[in-house]
Amino acid sequence: MRFAPEPLVLTRRKRVSRWFSVPWLLLVGASATLGEVTYKDWDQPPHSYFERTPTDRFSRLKAQLESGAVSLDRTSEKGFLHSLLKLLAIPASSQMLVFSTTSLQLNLINPSNPRALYFNEDIYLGFIPGGRIEIVSLDPELGGIFYIFDIPKDGGPIRIDRSTRCMNCHAGSDTGYVPGLTIKSVVPASTGGSLDSFRRELTGHGIPLTNRFGGWYVTGAGNFTNHWGNLVGDLTGGVLTTTPVSLGARFNYDRYLVTSSDLLPQLVHEHQAGFVNRVVEATYRARTYQHTDPGGLTTEHREELDRQAHGIVRYLLFSDEAPLPPGGVTGDEAFKADFLRTRRVVHGASLKDLDLNNRLLKFRCSYMIYSPVFLGLPEVVKRRVYEHLGHALDENEPNPEYKYLTPAEKRVIRQILRETLTDLPAGW
């Protein structure tokens, strides 16, 4: 189905049947390999989320920001935002604009005042003109750490609050009941409020692009319009009517750092969020099992951690990646340059090398294997991940589950990992 410039009218019953039937079942089946959620104890021992001192990068900077030891531009909202992103090594080119009211500051968000999101591999920042700065910083052991604070005015101090309200969404069913990342796809009303939602409780590159971007502005998509971005809706008498909205027509780009909400950062963001949630869930599960089984893991718990590791490896190797639109993706040049700036190169190849024709990456093993959340995996899980990964990349005994990877691609991935990871098992 394509969205034409004129309003699109769909009944709720027809839309659910058409959009969710096959993709939804496939994704549920794929996610089931991660195991059924059996606990909601992220704030209880042994995790004690709020009692433990976080060690993520933003938490380590917090005291310096509040004391003024780190100097930031105080001349304007944009000046402050730009200097903060620079301090956090987050590229402005990662900007994504979302106008659905899926944030704590929902009263400020609408198509005329979208929320801007910026990110790198371990920190995600939200900015709304006239609002507060939102931070999600990834801790290797605890997952997402959430902060919110005002942009200081008149030379006043920065006061950063650890948010608890964020946990209502960021530690619920959307994240597997661990502190993680959420990405909503909704049909918003013209005021920003959500009329309906898609891809519930799912994140990651396996979600069909036709179910993504609802409530988001999307640029750089070319002829690809078969998605829910750039639309507002009206629900009357059980009939949902959607109308296109164009970027810049309802707001002034001068309030933001760049004049785009490019498709490529949104694809990268989705991939990273899916990775983070799977790895953080495995971390919490392993810690729970080691706490409840101090004498050694039970057979059931060992099998569950094996399933977790298998799911992480499938995700690392893009087993269920949704194909890109016909003709591929061009991608914003500034974002591509910023993204590739942190490549780890082995004989001219890197896990960050982009493909963008049929898939996101040239070598299908995620660069997020270098991220703090992965490096912080409990050894009992990481050892299993490396074992599964080694078998998946074995050229001598090919695993049919990974037959989409050519021998040459496996060889390059294995070589890169051997020369860039320091904790691979001996003989790997």
# chains A, B, ... in the order shown; residues from 1 in each chain; ligands from 1
$ residues_around --residues "Tyr289 in chain A" --least-positions-apart "6" --cutoff "9 Å" --atoms "only C-alpha atoms" --output "PDB file with C-alpha atoms, in the first residue's frame"
ATOM      1  CA  GLY A 296      25.712 -23.298  40.082  1.00  0.00           C
ATOM      2  CA  LEU A 297      23.083 -22.695  37.414  1.00  0.00           C
ATOM      3  CA  THR A 298      20.213 -25.124  37.099  1.00  0.00           C
ATOM      4  CA  HIS A 301      18.641 -21.655  33.592  1.00  0.00           C
ATOM      5  CA  ARG A 302      21.591 -22.826  31.525  1.00  0.00           C
TER       6      ARG A 302
END
$ residues_around --residues "Pro326 in chain A" --least-positions-apart "5" --cutoff "10 Å" --atoms "only C-alpha atoms" --output "short mmCIF file (atom, residue, chain, number, x, y, z; two decimals) with C-alpha atoms, in the first residue's frame"
data_model
loop_
_atom_site.label_atom_id
_atom_site.label_comp_id
_atom_site.auth_asym_id
_atom_site.auth_seq_id
_atom_site.Cartn_x
_atom_site.Cartn_y
_atom_site.Cartn_z
CA ASN A 223 10.28 7.26 -3.56
CA PHE A 224 9.77 5.09 -0.49
CA ASN A 357 21.39 -1.20 -1.32
CA ASN A 358 19.47 -4.15 0.12
#
$ residues_around --residues "Asp394 in chain A" --least-positions-apart "5" --cutoff "10 Å" --atoms "only C-alpha atoms" --output "ChimeraX atom specification"
/A:389,399,402,407,410-411,414
$ write_last_selection --atoms "C-alpha atoms" --output "PDB file, in the first residue's frame"
ATOM      1  CA  LEU A 389      29.066 -16.737  17.096  1.00  0.00           C
ATOM      2  CA  ASN A 399      25.400 -23.655   9.818  1.00  0.00           C
ATOM      3  CA  TYR A 402      23.256 -18.548   8.568  1.00  0.00           C
ATOM      4  CA  PRO A 407      32.061 -17.701   3.036  1.00  0.00           C
ATOM      5  CA  LYS A 410      32.140 -14.805   7.218  1.00  0.00           C
ATOM      6  CA  ARG A 411      35.900 -14.692   6.695  1.00  0.00           C
ATOM      7  CA  ARG A 414      35.862 -13.309  11.773  1.00  0.00           C
TER       8      ARG A 414
END
$ atom_distance --atom1 "CA of Phe198 in chain A" --atom2 "CA of Leu267 in chain A"
16.5 Å
$ residues_around --residues "range 62-69 of chain A" --least-positions-apart "6" --cutoff "8 Å" --atoms "only C-alpha atoms" --output "JSON, numbers by chain"
{"A": [157, 158, 159, 160]}
$ select_by_dssp --residues "range 195-305 of chain A" --states "strand (DSSP E or B)" --output "PDB file with N, CA and C atoms, in the first residue's frame"
ATOM      1  N   LEU A 195      -3.535   8.071  18.117  1.00  0.00           N
ATOM      2  CA  LEU A 195      -4.815   7.444  17.801  1.00  0.00           C
ATOM      3  C   LEU A 195      -4.701   5.933  17.754  1.00  0.00           C
ATOM      4  N   ASP A 196      -3.552   5.429  17.329  1.00  0.00           N
ATOM      5  CA  ASP A 196      -3.322   3.989  17.276  1.00  0.00           C
ATOM      6  C   ASP A 196      -1.822   3.758  17.194  1.00  0.00           C
ATOM      7  N   SER A 197      -1.389   2.514  17.447  1.00  0.00           N
ATOM      8  CA  SER A 197       0.041   2.226  17.476  1.00  0.00           C
ATOM      9  C   SER A 197       0.347   0.927  16.762  1.00  0.00           C
ATOM     10  N   TRP A 216       6.712  10.228  13.252  1.00  0.00           N
ATOM     11  CA  TRP A 216       8.044  10.773  12.988  1.00  0.00           C
ATOM     12  C   TRP A 216       8.040  11.510  11.649  1.00  0.00           C
ATOM     13  N   THR A 219      12.884  12.265   6.259  1.00  0.00           N
ATOM     14  CA  THR A 219      13.430  12.851   5.043  1.00  0.00           C
ATOM     15  C   THR A 219      14.420  11.865   4.425  1.00  0.00           C
ATOM     16  N   LEU A 231       2.677  11.659   8.665  1.00  0.00           N
ATOM     17  CA  LEU A 231       1.225  11.581   8.602  1.00  0.00           C
ATOM     18  C   LEU A 231       0.603  12.011   9.924  1.00  0.00           C
ATOM     19  N   VAL A 232      -0.533  12.661   9.852  1.00  0.00           N
ATOM     20  CA  VAL A 232      -1.391  12.863  11.016  1.00  0.00           C
ATOM     21  C   VAL A 232      -2.736  12.207  10.701  1.00  0.00           C
ATOM     22  N   GLY A 233      -3.490  11.915  11.757  1.00  0.00           N
ATOM     23  CA  GLY A 233      -4.730  11.187  11.549  1.00  0.00           C
ATOM     24  C   GLY A 233      -5.928  11.834  12.218  1.00  0.00           C
ATOM     25  N   ASP A 234      -7.068  11.341  11.808  1.00  0.00           N
ATOM     26  CA  ASP A 234      -8.338  11.713  12.431  1.00  0.00           C
ATOM     27  C   ASP A 234      -9.164  10.441  12.539  1.00  0.00           C
ATOM     28  N   LEU A 235      -9.731  10.204  13.709  1.00  0.00           N
ATOM     29  CA  LEU A 235     -10.529   9.005  13.937  1.00  0.00           C
ATOM     30  C   LEU A 235     -11.957   9.423  14.233  1.00  0.00           C
ATOM     31  N   THR A 236     -12.837   9.132  13.309  1.00  0.00           N
ATOM     32  CA  THR A 236     -14.236   9.509  13.449  1.00  0.00           C
ATOM     33  C   THR A 236     -15.107   8.309  13.091  1.00  0.00           C
ATOM     34  N   VAL A 239     -13.468   5.141  11.815  1.00  0.00           N
ATOM     35  CA  VAL A 239     -12.716   5.234  10.564  1.00  0.00           C
ATOM     36  C   VAL A 239     -11.518   6.146  10.774  1.00  0.00           C
ATOM     37  N   LEU A 240     -10.328   5.650  10.463  1.00  0.00           N
ATOM     38  CA  LEU A 240      -9.096   6.401  10.596  1.00  0.00           C
ATOM     39  C   LEU A 240      -8.731   7.043   9.264  1.00  0.00           C
ATOM     40  N   THR A 241      -8.648   8.362   9.243  1.00  0.00           N
ATOM     41  CA  THR A 241      -8.250   9.100   8.059  1.00  0.00           C
ATOM     42  C   THR A 241      -6.880   9.699   8.293  1.00  0.00           C
ATOM     43  N   THR A 242      -5.944   9.484   7.377  1.00  0.00           N
ATOM     44  CA  THR A 242      -4.609  10.047   7.520  1.00  0.00           C
ATOM     45  C   THR A 242      -4.342  11.071   6.437  1.00  0.00           C
ATOM     46  N   THR A 243      -3.606  12.112   6.823  1.00  0.00           N
ATOM     47  CA  THR A 243      -3.275  13.205   5.918  1.00  0.00           C
ATOM     48  C   THR A 243      -1.786  13.487   5.994  1.00  0.00           C
ATOM     49  N   PRO A 244      -1.097  13.635   4.866  1.00  0.00           N
ATOM     50  CA  PRO A 244       0.343  13.936   4.905  1.00  0.00           C
ATOM     51  C   PRO A 244       0.626  15.291   5.537  1.00  0.00           C
ATOM     52  N   ASP A 262      16.579  12.432   8.721  1.00  0.00           N
ATOM     53  CA  ASP A 262      16.924  11.511   7.646  1.00  0.00           C
ATOM     54  C   ASP A 262      16.581  10.065   7.970  1.00  0.00           C
TER      55      ASP A 262
END
$ closest_residue --among "A:Leu247, A:Val381, A:Leu361, A:Val346" --to "Leu305 in chain A" --atoms "only C-alpha atoms"
A:Val381
$ residues_around --residues "range 122-133 of chain A" --least-positions-apart "3" --cutoff "8 Å" --atoms "only C-alpha atoms" --output "PDB file with C-alpha atoms, in the first residue's frame"
ATOM      1  CA  ARG A  57      29.469   7.947  30.623  1.00  0.00           C
ATOM      2  CA  PHE A  58      26.878  10.641  31.333  1.00  0.00           C
ATOM      3  CA  GLU A  77      19.030  26.981  23.489  1.00  0.00           C
ATOM      4  CA  LEU A  81      22.459  21.974  22.728  1.00  0.00           C
ATOM      5  CA  LEU A  88      29.065  13.896  24.505  1.00  0.00           C
ATOM      6  CA  ILE A  90      26.980  12.902  19.582  1.00  0.00           C
ATOM      7  CA  GLN A 105       7.092  16.492  27.913  1.00  0.00           C
ATOM      8  CA  LEU A 108       5.111  20.647  24.359  1.00  0.00           C
ATOM      9  CA  ILE A 109       5.181  18.205  21.439  1.00  0.00           C
ATOM     10  CA  ASN A 113       7.038  21.709  17.683  1.00  0.00           C
ATOM     11  CA  PRO A 114       8.613  18.275  17.179  1.00  0.00           C
ATOM     12  CA  ARG A 115      11.008  16.688  19.605  1.00  0.00           C
ATOM     13  CA  ALA A 116      14.546  16.216  18.280  1.00  0.00           C
ATOM     14  CA  LEU A 117      16.528  13.086  19.155  1.00  0.00           C
ATOM     15  CA  TYR A 118      20.295  12.716  18.789  1.00  0.00           C
ATOM     16  CA  PHE A 119      22.412   9.645  19.542  1.00  0.00           C
ATOM     17  CA  VAL A 136      19.319   8.060  28.228  1.00  0.00           C
ATOM     18  CA  SER A 137      22.841   6.861  28.965  1.00  0.00           C
ATOM     19  CA  LEU A 138      23.667   3.162  28.789  1.00  0.00           C
ATOM     20  CA  ILE A 148      16.161  15.277  32.661  1.00  0.00           C
ATOM     21  CA  PHE A 149      17.177  18.895  33.240  1.00  0.00           C
ATOM     22  CA  ASP A 150      16.448  22.490  32.259  1.00  0.00           C
ATOM     23  CA  ILE A 151      18.652  24.433  29.908  1.00  0.00           C
ATOM     24  CA  ARG A 255      15.062  26.140  16.037  1.00  0.00           C
ATOM     25  CA  SER A 371      29.386  -1.097  22.887  1.00  0.00           C
ATOM     26  CA  PRO A 372      29.508  -0.788  26.692  1.00  0.00           C
TER      27      PRO A 372
END
$ closest_residue --among "A:Val178, A:Val268, A:Val258, A:Val276" --to "Val373 in chain A" --atoms "only C-alpha atoms"
A:Val276
$ atom_distance --atom1 "CA of Phe213 in chain A" --atom2 "CA of His227 in chain A"
6.7 Å
$ closest_residue --among "A:Arg162, A:Arg199, A:His271, A:Arg287" --to "Cys365 in chain A" --atoms "only C-alpha atoms"
A:His271
